[in-house]
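S.K.: Input structure: my_file.cif, which contains mmCIF, C-alpha atoms and all ligand atoms.
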data_model
#
loop_
_atom_site.label_atom_id
_atom_site.label_comp_id
_atom_site.auth_asym_id
_atom_site.auth_seq_id
_atom_site.Cartn_x
_atom_site.Cartn_y
_atom_site.Cartn_z
CA MET O 1133 19.74 -81.82 -27.14
CA PRO O 1134 21.32 -79.05 -29.15
CA VAL O 1135 19.85 -76.95 -31.90
CA ILE O 1136 22.25 -76.85 -34.83
CA CYS O 1137 22.06 -73.93 -37.22
CA GLU O 1138 23.79 -74.74 -40.49
CA PRO O 1139 22.48 -74.03 -44.00
CA ASP O 1140 24.91 -76.37 -45.73
CA ASP O 1141 23.62 -79.95 -45.69
CA SER O 1142 26.90 -81.82 -45.50
CA ALA O 1143 28.28 -79.53 -42.81
CA ALA O 1144 25.02 -79.95 -40.89
CA ARG O 1145 25.33 -83.74 -41.07
CA ARG O 1146 28.91 -83.52 -39.85
CA LEU O 1147 27.94 -81.36 -36.86
CA ALA O 1148 24.96 -83.52 -35.98
CA ALA O 1149 26.87 -86.81 -36.22
CA GLY O 1150 27.82 -86.93 -32.54
CA PHE O 1151 24.23 -86.42 -31.35
CA ARG O 1152 22.68 -89.24 -33.37
CA GLU O 1153 19.11 -88.27 -34.17
CA HIS O 1154 18.77 -86.08 -31.10
CA ALA O 1155 20.04 -82.79 -32.48
CA HIS O 1156 17.55 -80.39 -34.01
CA VAL O 1157 19.00 -79.13 -37.29
CA VAL O 1158 17.72 -75.86 -38.79
CA ARG O 1159 19.01 -73.64 -41.57
CA THR O 1160 18.51 -70.12 -40.24
CA LEU O 1161 19.03 -68.24 -36.99
CA ARG O 1162 15.40 -67.24 -37.18
CA ALA O 1163 14.45 -70.90 -37.09
CA VAL O 1164 16.68 -71.30 -34.02
CA ASP O 1165 14.62 -68.59 -32.32
CA GLU O 1166 11.41 -70.38 -33.18
CA ARG O 1167 12.84 -73.58 -31.78
CA LEU O 1168 13.92 -71.88 -28.55
CA ALA O 1169 10.50 -70.28 -28.25
CA ALA O 1170 8.81 -73.63 -28.79
CA ASP O 1171 10.91 -75.55 -26.30
CA PRO O 1172 12.20 -73.93 -23.13
CA GLU O 1173 14.28 -77.04 -22.47
CA GLU O 1174 16.63 -76.31 -25.37
CA LEU O 1175 19.86 -75.23 -23.73
CA VAL O 1176 22.59 -75.33 -26.36
CA VAL O 1177 22.77 -73.77 -29.83
CA ILE O 1178 25.55 -74.75 -32.23
CA ILE O 1179 26.13 -72.20 -34.96
CA GLY O 1180 27.80 -73.88 -37.92
CA PRO O 1181 30.69 -72.64 -40.07
CA SER O 1182 28.53 -71.45 -42.99
CA VAL O 1183 26.55 -69.02 -40.86
CA GLU O 1184 27.95 -65.55 -41.39
CA LEU O 1185 29.90 -64.25 -38.37
CA THR O 1186 28.10 -60.93 -37.87
CA GLY O 1187 24.72 -62.62 -37.78
CA ALA O 1188 26.00 -65.23 -35.34
CA ILE O 1189 27.45 -62.57 -33.05
CA THR O 1190 24.26 -60.49 -33.06
CA PHE O 1191 22.25 -63.60 -32.36
CA ALA O 1192 24.43 -64.62 -29.41
CA ALA O 1193 24.29 -61.15 -27.88
CA ALA O 1194 20.51 -60.99 -28.17
CA ARG O 1195 20.00 -64.46 -26.69
CA ARG O 1196 22.32 -63.63 -23.80
CA ALA O 1197 19.81 -60.92 -22.94
CA ASP O 1198 16.52 -62.77 -23.47
CA HIS O 1199 17.53 -66.43 -22.95
CA PRO O 1200 20.49 -66.20 -20.56
CA HIS O 1201 20.39 -69.93 -19.85
CA VAL O 1202 20.91 -70.80 -23.53
CA GLY O 1203 24.57 -71.32 -24.46
CA VAL O 1204 25.98 -70.69 -27.93
CA VAL O 1205 28.78 -72.82 -29.37
CA LEU O 1206 30.28 -71.23 -32.45
CA VAL O 1207 31.96 -73.47 -35.02
CA ARG O 1208 34.38 -71.72 -37.41
CA GLU O 1209 36.51 -72.82 -40.31
CA ARG O 1210 39.40 -70.93 -38.70
CA VAL O 1211 39.56 -69.88 -35.06
CA ASP O 1212 41.77 -66.86 -34.47
CA VAL O 1213 42.15 -64.27 -31.73
CA ALA O 1214 39.95 -61.74 -33.49
CA VAL O 1215 37.04 -64.16 -33.85
CA MET O 1216 37.49 -65.42 -30.29
CA GLY O 1217 37.51 -61.91 -28.88
CA GLU O 1218 34.42 -60.79 -30.73
CA ALA O 1219 32.56 -63.99 -29.92
CA MET O 1220 33.34 -63.89 -26.22
CA ARG O 1221 32.31 -60.24 -25.94
CA ALA O 1222 28.93 -61.19 -27.43
CA GLY O 1223 28.51 -63.95 -24.88
CA VAL O 1224 29.33 -66.95 -27.09
CA ARG O 1225 30.39 -69.63 -24.61
CA GLU O 1226 32.66 -71.73 -26.79
CA VAL O 1227 34.35 -71.34 -30.17
CA VAL O 1228 35.58 -74.55 -31.77
CA PRO O 1229 37.25 -75.31 -35.09
CA ASP O 1230 35.22 -77.14 -37.70
CA ARG O 1231 35.94 -80.87 -38.16
CA ASP O 1232 37.25 -81.25 -34.60
CA PHE O 1233 34.70 -83.75 -33.40
CA GLN O 1234 36.08 -84.15 -29.88
CA ALA O 1235 36.41 -80.41 -29.31
CA LEU O 1236 32.79 -79.92 -30.35
CA MET O 1237 31.55 -82.67 -28.05
CA ASP O 1238 33.53 -81.34 -25.09
CA ALA O 1239 32.38 -77.78 -25.72
CA CYS O 1240 28.74 -78.85 -25.91
CA ARG O 1241 28.99 -80.83 -22.69
CA ARG O 1242 30.55 -77.88 -20.82
CA CYS O 1243 28.04 -75.54 -22.30
CA TRP O 1244 25.13 -77.78 -21.36
CA GLU O 1245 26.36 -78.04 -17.75
CA VAL O 1246 26.61 -74.27 -17.42
CA SER O 1247 23.14 -73.88 -18.93
CA ARG O 1248 21.62 -76.41 -16.56
CA GLY O 1249 23.17 -74.56 -13.63
CA ILE O 1250 21.77 -71.21 -14.76
CA GLN O 1251 18.38 -72.72 -15.43
CA ARG O 1252 18.21 -74.35 -11.99
CA ALA O 1253 19.34 -71.18 -10.24
CA GLY O 1254 16.73 -69.21 -12.16
CA ARG O 1255 13.98 -71.61 -11.18
CA ALA O 1256 15.01 -71.67 -7.54
CA GLU O 1257 14.92 -67.89 -7.57
CA ALA O 1258 11.60 -67.75 -9.36
CA ALA O 1259 9.79 -70.26 -7.16
CA PRO O 1260 9.34 -68.43 -3.86
CA SER O 1261 8.63 -65.02 -5.39
CA PRO O 1262 5.08 -63.83 -4.84
CA GLY O 1263 4.87 -63.17 -8.57
CA ARG O 1264 2.95 -60.58 -10.51
CA ASP O 1265 -0.68 -59.80 -10.17
CA GLY O 1266 -1.73 -59.47 -13.76
CA ARG O 1267 -5.04 -58.54 -15.24
CA ILE O 1268 -7.29 -61.11 -16.86
CA VAL O 1269 -9.43 -59.98 -19.77
CA VAL O 1270 -11.99 -62.20 -21.44
CA LEU O 1271 -13.33 -61.60 -24.93
CA PHE O 1272 -16.81 -62.94 -25.39
CA ALA O 1273 -19.56 -62.72 -28.01
CA ALA O 1274 -22.54 -65.04 -28.22
CA LYS O 1275 -22.48 -64.79 -32.01
CA GLY O 1276 -19.49 -66.12 -33.96
CA GLY O 1277 -17.70 -63.80 -36.34
CA CYS O 1278 -17.74 -60.67 -34.18
CA GLY O 1279 -13.94 -60.63 -34.20
CA LYS O 1280 -13.03 -62.20 -30.85
CA THR O 1281 -10.05 -64.08 -32.22
CA VAL O 1282 -8.85 -61.26 -34.46
CA LEU O 1283 -9.05 -58.87 -31.54
CA ALA O 1284 -7.50 -61.30 -29.04
CA THR O 1285 -4.47 -61.93 -31.26
CA ASN O 1286 -3.96 -58.31 -32.28
CA LEU O 1287 -4.44 -57.11 -28.73
CA GLY O 1288 -1.96 -59.70 -27.47
CA VAL O 1289 0.67 -58.63 -29.96
CA ALA O 1290 0.03 -54.93 -29.36
CA LEU O 1291 0.45 -55.31 -25.60
CA ALA O 1292 3.46 -57.61 -25.84
CA GLU O 1293 5.33 -55.87 -28.61
CA ARG O 1294 4.36 -52.22 -28.41
CA GLU O 1295 3.81 -51.91 -24.67
CA GLY O 1296 6.52 -54.41 -23.77
CA LEU O 1297 4.29 -56.19 -21.29
CA GLN O 1298 4.39 -59.85 -20.37
CA VAL O 1299 1.26 -61.11 -22.05
CA CYS O 1300 -0.34 -64.53 -22.36
CA LEU O 1301 -3.20 -65.38 -24.70
CA VAL O 1302 -5.27 -68.41 -23.73
CA ASP O 1303 -7.42 -70.08 -26.38
CA LEU O 1304 -10.51 -71.33 -24.56
CA ASP O 1305 -12.30 -72.08 -27.83
CA LEU O 1306 -11.49 -75.66 -26.96
CA ALA O 1307 -13.21 -77.33 -29.90
CA PHE O 1308 -12.41 -74.91 -32.71
CA GLY O 1309 -9.63 -72.67 -31.44
CA ASP O 1310 -8.06 -70.47 -34.10
CA VAL O 1311 -5.30 -68.75 -32.17
CA ALA O 1312 -2.57 -71.15 -33.36
CA ILE O 1313 -3.47 -70.80 -37.01
CA THR O 1314 -4.03 -67.05 -36.77
CA LEU O 1315 -0.55 -66.56 -35.31
CA ARG O 1316 1.07 -69.39 -37.30
CA LEU O 1317 2.10 -71.26 -34.17
CA SER O 1318 2.57 -74.97 -34.06
CA PRO O 1319 0.53 -76.57 -31.28
CA GLN O 1320 3.31 -78.74 -29.93
CA ARG O 1321 1.88 -78.12 -26.51
CA THR O 1322 -1.73 -77.26 -25.72
CA ILE O 1323 -3.99 -76.78 -22.73
CA VAL O 1324 -4.46 -80.57 -22.70
CA HIS O 1325 -0.95 -80.85 -21.26
CA ALA O 1326 -2.30 -79.08 -18.17
CA VAL O 1327 -4.66 -81.96 -17.39
CA PRO O 1328 -2.12 -84.05 -15.41
CA MET O 1329 -1.21 -80.93 -13.40
CA ALA O 1330 -4.74 -80.46 -12.08
CA GLY O 1331 -4.80 -79.52 -8.41
CA ARG O 1332 -1.04 -79.02 -8.18
CA MET O 1333 -0.14 -76.60 -10.91
CA ASP O 1334 2.97 -74.53 -10.37
CA GLU O 1335 4.76 -71.84 -12.34
CA THR O 1336 7.25 -74.24 -13.89
CA GLY O 1337 4.44 -76.50 -15.04
CA VAL O 1338 2.53 -73.58 -16.50
CA GLN O 1339 5.65 -72.32 -18.31
CA SER O 1340 5.94 -75.71 -19.96
CA LEU O 1341 2.51 -75.26 -21.58
CA LEU O 1342 3.38 -72.04 -23.32
CA VAL O 1343 4.05 -71.65 -27.01
CA ARG O 1344 5.71 -68.33 -27.79
CA HIS O 1345 5.00 -66.09 -30.72
CA GLU O 1346 7.97 -64.29 -32.27
CA THR O 1347 6.81 -61.04 -30.64
CA GLY O 1348 7.25 -62.55 -27.19
CA LEU O 1349 3.51 -63.07 -26.75
CA ALA O 1350 2.96 -66.33 -24.86
CA THR O 1351 0.02 -68.55 -25.74
CA VAL O 1352 -1.80 -71.50 -24.27
CA LEU O 1353 -3.26 -73.15 -27.34
CA ALA O 1354 -6.48 -75.07 -27.77
CA PRO O 1355 -6.43 -78.87 -28.15
CA VAL O 1356 -5.53 -80.13 -31.58
CA SER O 1357 -8.46 -82.51 -31.83
CA PRO O 1358 -11.87 -81.37 -30.59
CA GLY O 1359 -12.40 -84.60 -28.62
CA GLU O 1360 -9.55 -83.76 -26.28
CA SER O 1361 -11.43 -80.76 -24.96
CA GLU O 1362 -13.59 -83.02 -22.81
CA GLN O 1363 -10.62 -83.56 -20.53
CA ILE O 1364 -10.56 -79.88 -19.58
CA SER O 1365 -12.69 -79.01 -16.58
CA GLY O 1366 -13.90 -75.63 -15.34
CA PRO O 1367 -11.78 -75.83 -12.16
CA LEU O 1368 -8.71 -76.56 -14.31
CA VAL O 1369 -9.34 -73.33 -16.21
CA THR O 1370 -9.66 -71.44 -12.91
CA GLU O 1371 -6.41 -72.93 -11.64
CA LEU O 1372 -4.57 -72.23 -14.90
CA LEU O 1373 -5.69 -68.61 -15.11
CA GLY O 1374 -4.81 -68.09 -11.45
CA MET O 1375 -1.28 -69.30 -12.13
CA LEU O 1376 -0.89 -67.30 -15.34
CA LYS O 1377 -1.95 -64.15 -13.53
CA ARG O 1378 1.08 -64.57 -11.30
CA SER O 1379 3.50 -64.71 -14.24
CA PHE O 1380 1.98 -62.21 -16.67
CA ASP O 1381 0.95 -58.58 -16.70
CA VAL O 1382 -2.05 -59.33 -18.88
CA VAL O 1383 -3.80 -62.62 -19.58
CA ILE O 1384 -6.16 -62.47 -22.57
CA VAL O 1385 -8.77 -65.18 -22.96
CA ASP O 1386 -10.31 -65.98 -26.35
CA THR O 1387 -13.54 -67.94 -26.13
CA PRO O 1388 -16.09 -69.92 -28.14
CA SER O 1389 -19.54 -68.48 -28.74
CA GLN O 1390 -21.24 -70.24 -25.85
CA LEU O 1391 -21.17 -69.37 -22.17
CA SER O 1392 -19.69 -72.77 -21.42
CA GLU O 1393 -18.48 -73.89 -18.02
CA HIS O 1394 -14.96 -72.90 -19.13
CA VAL O 1395 -16.01 -69.45 -20.24
CA LEU O 1396 -17.86 -68.84 -16.97
CA ALA O 1397 -14.80 -69.98 -15.04
CA ALA O 1398 -12.76 -67.39 -16.94
CA MET O 1399 -15.41 -64.68 -16.50
CA ASP O 1400 -15.36 -65.35 -12.76
CA VAL O 1401 -11.68 -64.50 -12.39
CA ALA O 1402 -11.58 -61.80 -15.05
CA ASP O 1403 -10.94 -58.15 -14.32
CA ARG O 1404 -12.55 -57.03 -17.56
CA HIS O 1405 -15.06 -58.46 -20.00
CA LEU O 1406 -14.45 -57.29 -23.56
CA LEU O 1407 -17.61 -57.72 -25.58
CA PRO O 1408 -17.11 -57.31 -29.31
CA VAL O 1409 -20.14 -56.88 -31.54
CA VAL O 1410 -20.72 -56.04 -35.19
CA PRO O 1411 -23.52 -53.76 -36.38
CA GLU O 1412 -25.92 -56.52 -37.44
CA VAL O 1413 -29.19 -57.38 -35.77
CA THR O 1414 -28.26 -60.99 -35.08
CA ALA O 1415 -25.01 -60.01 -33.38
CA LEU O 1416 -26.82 -57.33 -31.39
CA LYS O 1417 -29.43 -59.81 -30.28
CA GLY O 1418 -26.60 -62.08 -29.12
CA LEU O 1419 -25.08 -59.21 -27.18
CA ARG O 1420 -28.41 -58.29 -25.60
CA VAL O 1421 -28.92 -61.89 -24.42
CA THR O 1422 -25.31 -61.99 -23.15
CA LEU O 1423 -25.79 -58.80 -21.15
CA ASP O 1424 -28.94 -60.18 -19.56
CA MET O 1425 -27.08 -63.37 -18.67
CA LEU O 1426 -24.12 -61.50 -17.22
CA ASP O 1427 -26.49 -59.33 -15.15
CA LEU O 1428 -28.32 -62.38 -13.91
CA LEU O 1429 -25.05 -64.00 -12.94
CA GLY O 1430 -24.09 -60.93 -10.95
CA TYR O 1431 -21.13 -59.64 -12.95
CA PRO O 1432 -20.81 -55.90 -12.52
CA ALA O 1433 -21.66 -53.76 -15.52
CA GLY O 1434 -18.54 -51.69 -14.82
CA ALA O 1435 -16.38 -54.65 -15.84
CA ARG O 1436 -17.62 -54.47 -19.42
CA SER O 1437 -16.12 -52.79 -22.43
CA PHE O 1438 -18.06 -52.79 -25.69
CA LEU O 1439 -16.04 -53.04 -28.85
CA LEU O 1440 -17.98 -52.15 -31.95
CA ASN O 1441 -16.09 -53.99 -34.67
CA ARG O 1442 -16.57 -53.25 -38.39
CA ALA O 1443 -18.38 -50.17 -37.12
CA ASP O 1444 -18.45 -48.56 -40.55
CA ILE O 1445 -19.58 -51.55 -42.58
CA LYS O 1446 -21.95 -50.66 -45.43
CA ALA O 1447 -25.62 -51.31 -44.62
CA GLY O 1448 -24.71 -51.85 -40.98
CA LEU O 1449 -26.71 -50.42 -38.10
CA SER O 1450 -25.62 -47.01 -36.90
CA VAL O 1451 -23.44 -46.56 -33.84
CA ALA O 1452 -26.38 -44.85 -32.13
CA ASP O 1453 -28.64 -47.86 -32.82
CA VAL O 1454 -26.07 -50.20 -31.35
CA GLU O 1455 -25.51 -48.07 -28.28
CA LYS O 1456 -29.23 -47.87 -27.69
CA VAL O 1457 -29.52 -51.65 -27.56
CA VAL O 1458 -26.42 -51.98 -25.41
CA GLY O 1459 -27.45 -49.18 -23.09
CA ALA O 1460 -23.89 -47.88 -22.93
CA PRO O 1461 -21.43 -46.18 -25.26
CA ALA O 1462 -19.00 -48.32 -27.22
CA THR O 1463 -15.55 -48.14 -25.62
CA VAL O 1464 -13.80 -48.44 -28.97
CA LEU O 1465 -15.00 -48.40 -32.59
CA LEU O 1466 -12.96 -50.60 -34.92
CA PRO O 1467 -13.15 -50.05 -38.66
CA HIS O 1468 -14.06 -52.67 -41.21
CA SER O 1469 -11.19 -53.46 -43.56
CA GLN O 1470 -10.33 -56.19 -46.04
CA ASP O 1471 -6.82 -55.99 -44.64
CA VAL O 1472 -8.07 -57.77 -41.52
CA PRO O 1473 -9.00 -61.10 -43.16
CA ALA O 1474 -5.95 -60.75 -45.39
CA SER O 1475 -3.74 -60.51 -42.29
CA VAL O 1476 -5.44 -63.56 -40.79
CA ASN O 1477 -4.75 -65.53 -43.94
CA ARG O 1478 -1.15 -64.40 -43.91
CA GLY O 1479 -0.77 -65.32 -40.25
CA VAL O 1480 0.65 -61.92 -39.34
CA PRO O 1481 -1.52 -59.75 -37.06
CA LEU O 1482 -2.33 -56.41 -38.63
CA VAL O 1483 -0.92 -54.47 -35.65
CA ARG O 1484 2.42 -56.05 -36.51
CA GLN O 1485 2.22 -55.82 -40.28
CA ASP O 1486 0.91 -52.27 -40.35
CA PRO O 1487 0.92 -50.48 -36.99
CA GLY O 1488 -0.31 -47.26 -38.59
CA HIS O 1489 -3.44 -48.91 -40.04
CA ALA O 1490 -6.72 -47.50 -38.74
CA PHE O 1491 -7.64 -50.95 -37.39
CA SER O 1492 -4.27 -51.26 -35.60
CA GLN O 1493 -4.74 -47.85 -34.04
CA ALA O 1494 -8.17 -48.86 -32.81
CA VAL O 1495 -6.63 -52.00 -31.29
CA GLY O 1496 -4.21 -49.64 -29.53
CA ARG O 1497 -7.20 -47.96 -27.92
CA VAL O 1498 -8.50 -51.35 -26.78
CA ALA O 1499 -5.05 -51.96 -25.27
CA LEU O 1500 -5.39 -48.71 -23.37
CA ALA O 1501 -8.83 -49.69 -22.10
CA VAL O 1502 -7.31 -52.93 -20.86
CA THR O 1503 -4.27 -51.46 -19.15
CA GLU O 1504 -6.02 -48.44 -17.69
CA GLY O 1505 -9.29 -50.22 -16.94
CA ASN O 1506 -11.18 -49.49 -13.81
CA GLU O 1507 -9.72 -51.06 -10.67
CA ALA O 1508 -13.14 -51.59 -9.12
CA VAL O 1509 -13.68 -54.27 -11.69
CA ARG O 1510 -11.42 -56.65 -9.84
CA GLY O 1511 -13.14 -59.39 -7.90
CA ALA O 1512 -15.92 -58.89 -10.36
CA ALA O 1513 -17.80 -62.06 -9.79
CA ARG O 1514 -18.32 -63.54 -6.42
CA ARG O 1515 -21.19 -65.73 -7.34
CA GLY O 1516 -22.52 -68.69 -5.43
CA PHE O 1517 -23.41 -71.99 -6.98
CA PHE O 1518 -27.05 -71.16 -6.44
CA ARG O 1519 -26.98 -68.15 -8.68
CA ARG O 1520 -25.12 -69.94 -11.42
CA SER O 1521 -27.32 -73.02 -11.39
CA LYS O 1522 -30.42 -70.86 -11.38
CA ALA O 1523 -29.20 -68.98 -14.42
CA GLY O 1524 -28.24 -72.12 -16.25
CA ARG O 1525 -25.58 -72.34 -18.87
CA GLY O 1526 -25.47 -71.29 -22.47
N1 LIG L 1 -12.63 -55.18 -38.57
C1 LIG L 1 -12.75 -56.17 -39.44
N2 LIG L 1 -12.79 -55.93 -40.78
C2 LIG L 1 -12.93 -56.93 -41.66
N3 LIG L 1 -13.02 -58.21 -41.32
C3 LIG L 1 -12.98 -58.53 -40.01
C4 LIG L 1 -12.84 -57.53 -39.00
N4 LIG L 1 -12.83 -58.15 -37.80
C5 LIG L 1 -12.95 -59.47 -38.04
N5 LIG L 1 -13.04 -59.71 -39.37
C6 LIG L 1 -13.18 -61.00 -40.03
O1 LIG L 1 -14.34 -61.63 -39.52
C7 LIG L 1 -14.15 -63.03 -39.42
C8 LIG L 1 -14.47 -63.48 -38.02
O2 LIG L 1 -13.51 -62.97 -37.11
P1 LIG L 1 -13.05 -63.83 -35.85
O3 LIG L 1 -12.08 -63.03 -35.10
O4 LIG L 1 -12.63 -65.18 -36.27
O5 LIG L 1 -14.43 -63.93 -35.07
P2 LIG L 1 -14.83 -64.79 -33.79
O6 LIG L 1 -13.56 -65.29 -33.16
O7 LIG L 1 -15.55 -63.84 -32.90
O8 LIG L 1 -15.71 -65.88 -34.27
C9 LIG L 1 -12.72 -63.29 -39.82
O9 LIG L 1 -12.70 -63.71 -41.15
C10 LIG L 1 -12.06 -61.94 -39.69
O10 LIG L 1 -11.00 -61.81 -40.58
MG MG L 2 -12.83 -67.20 -32.72
#
Now, as a test, write the supplied structure out as structure tokens.

M.R.:
Amino acid sequence: MPVICEPDDSAARRLAAGFREHAHVVRTLRAVDERLAADPEELVVIIGPSVELTGAITFAAARRADHPHVGVVLVRERVDVAVMGEAMRAGVREVVPDRDFQALMDACRRCWEVSRGIQRAGRAEAAPSPGRDGRIVVLFAAKGGCGKTVLATNLGVALAEREGLQVCLVDLDLAFGDVAITLRLSPQRTIVHAVPMAGRMDETGVQSLLVRHETGLATVLAPVSPGESEQISGPLVTELLGMLKRSFDVVIVDTPSQLSEHVLAAMDVADRHLLPVVPEVTALKGLRVTLDMLDLLGYPAGARSFLLNRADIKAGLSVADVEKVVGAPATVLLPHSQDVPASVNRGVPLVRQDPGHAFSQAVGRVALAVTEGNEAVRGAARRGFFRRSKAGRG
């Protein structure tokens, strides 16, 4: 059903009248974008008469590029040749005069049919393609508060927005996932929606799970209520990540602080393990135990990158102390800054808000480590059941 963009209430009611309660009415073009990002099945956008023409034209041109299946119907107080010409050049499909109920209905129907056709053709084309072969990176720390979620979200945005890559962030912190709140996304769909697809997941199904951030970053969000997480199995995680890898250049996995079955499933298919730590003894102890576990489970040390977060915090251990415990140099040092929690509270990742910030620049170096990472890392973990069961689970 259409999305109607119209700031004026009575005009909005008039436009929505023919769709009963099915139309989705919003006031700004930005809100239309959010709606399109949230629901890939939205095919028609009606731009009402009170929306300024230039904005409407820019919007239509941009959506023709990034959502070619979405059709725009422009409603104007007066329809003249100049408006028609400009609108058509921008890719607006239909221009109809305000208060012409039948014309609006007909235009929407035609528009919807064209959109369906484009969408079907796109899917048919997409289906047989061998797809991408993206990289999977897992962030893990045995101690909470090391910055997994902050790093996962900032890294996702940095790779999607700055590097222009197709990136998906999966929130595997199934009980207490913070990705949605950190990015201000509404969890209309979550990983729980993958449960009925188990064993027969395809790209279309996986696409339907995604919630998009305004930067283009795709996310698979954690369940809304912690109880739902019990429905998610390890094999489902393996299947999901395998599918995502075919559609995205980089798949980032945020995790809880335990080496759960889900986390191990992700570690198994990952190309790189990003291990954030902060310079405190408890966090270091957690990292030491994690490294021993990962060794025991047969994951290659070359797959690991150490991220020393809040490296310069007052009274923290020195970088040398940390590296001694880890037995390897930190790949990236990230500075401590009050701007980080402030950005979390605002719901805007710091790399987006302030790309020149020292923290954002450090995230850029993590992005480099991820995109340039060592090829030998692939196929990191070919571990038998025996080894896993012997090592137990965290
Ligand atoms: N570099 C940093 N400087 C200041 N605060 C930070 C930094 N990194 C993370 N934090 C803060 O630490 C807290 C824990 O971070 P979070 O990413 O949620 O950790 P985790 O997901 O590993 O539990 C958050 O309040 C976050 O804002
Ligand atoms: Mg977290």

S.K.: Counting only C-alpha atoms and all ligand atoms, which residues of chain O fall within 7 Å of ligand MG 2 (chain L), and what is the closest atom pair for each with its distance in Å at one decimal, ordered by chain and rising number, as a Markdown table?

M.R.:
| residue | atom | partner | partner_atom | distance |
| --- | --- | --- | --- | --- |
| O:Gly1276 | CA | L:MG2 | MG | 6.9 |
| O:Gly1277 | CA | L:MG2 | MG | 7.0 |
| O:Gly1279 | CA | L:MG2 | MG | 6.8 |
| O:Lys1280 | CA | L:MG2 | MG | 5.3 |
| O:Thr1281 | CA | L:MG2 | MG | 4.2 |
| O:Asp1305 | CA | L:MG2 | MG | 6.9 |
| O:Gly1309 | CA | L:MG2 | MG | 6.5 |
| O:Asp1310 | CA | L:MG2 | MG | 5.9 |
| O:Asp1386 | CA | L:MG2 | MG | 7.0 |
| O:Thr1387 | CA | L:MG2 | MG | 6.7 |
| O:Pro1388 | CA | L:MG2 | MG | 6.2 |

S.K.: List all protein, DNA and RNA residues that have at least one atom no more than 7 Å from any atom of ligand LIG 1 (chain L), counting all atoms listed in the file, and write them as an NGL selection string.

M.R.: :O and (1273 or 1276-1283 or 1441-1442 or 1466-1473 or 1476 or 1491)

S.K.: I'd like the contact shell of range 1297-1300 of chain O - 8 Å cut-off, only C-alpha atoms, skipping same-chain residues fewer than 6 positions apart - returned as a count of residues only.

M.R.: 14

S.K.: Just the residues within 8 Å of range 1322-1339 of chain O, please, counting all atoms listed in the file, with nothing from its chain fewer than 6 positions along; format it as a PyMOL selection string.

M.R.: chain O and resi 1255+1259+1352-1356+1360-1361+1363-1364+1368+1371-1372+1375-1376+1379

S.K.: Would you put the residues from that selection into a file with C-alpha atoms, as an mmCIF file, keeping the file's coordinate frame?

M.R.:
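So the final result, stored in out_33.cif, reads:
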data_model
loop_
_atom_site.group_PDB
_atom_site.id
_atom_site.type_symbol
_atom_site.label_atom_id
_atom_site.label_comp_id
_atom_site.auth_asym_id
_atom_site.auth_seq_id
_atom_site.Cartn_x
_atom_site.Cartn_y
_atom_site.Cartn_z
ATOM 1 C CA ARG O 1255 13.980 -71.610 -11.180
ATOM 2 C CA ALA O 1259 9.790 -70.260 -7.160
ATOM 3 C CA VAL O 1352 -1.800 -71.500 -24.270
ATOM 4 C CA LEU O 1353 -3.260 -73.150 -27.340
ATOM 5 C CA ALA O 1354 -6.480 -75.070 -27.770
ATOM 6 C CA PRO O 1355 -6.430 -78.870 -28.150
ATOM 7 C CA VAL O 1356 -5.530 -80.130 -31.580
ATOM 8 C CA GLU O 1360 -9.550 -83.760 -26.280
ATOM 9 C CA SER O 1361 -11.430 -80.760 -24.960
ATOM 10 C CA GLN O 1363 -10.620 -83.560 -20.530
ATOM 11 C CA ILE O 1364 -10.560 -79.880 -19.580
ATOM 12 C CA LEU O 1368 -8.710 -76.560 -14.310
ATOM 13 C CA GLU O 1371 -6.410 -72.930 -11.640
ATOM 14 C CA LEU O 1372 -4.570 -72.230 -14.900
ATOM 15 C CA MET O 1375 -1.280 -69.300 -12.130
ATOM 16 C CA LEU O 1376 -0.890 -67.300 -15.340
ATOM 17 C CA SER O 1379 3.500 -64.710 -14.240
#

S.K.: Which of these, O:Thr1463, O:Ser1492, O:Ser1365, O:Ser1247, has the shortest distance to Arg1294 in chain O once you count only C-alpha atoms?

M.R.: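 Nearest candidate to Arg1294 in chain O out of O:Thr1463, O:Ser1492, O:Ser1365, O:Ser1247: O:Ser1492.
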
S.K.: Pick from O:Gly1459, O:Gly1203, O:Gly1488, O:Gly1266: nearest to Gln1251 in chain O, with only C-alpha atoms counted?

M.R.: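 When distances to Gln1251 in chain O are compared using only C-alpha atoms, the smallest one comes from O:Gly1203.
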
S.K.: CA of Ala1219 in chain O and CA of Ala1239 in chain O, how far apart in Å?

M.R.: 14.4 Å

S.K.: Suppose you want the space between CA of Gly1374 in chain O and CA of Val1464 in chain O; what is it in Å?

M.R.: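 That distance, rounded to one decimal, is 27.8 Å.
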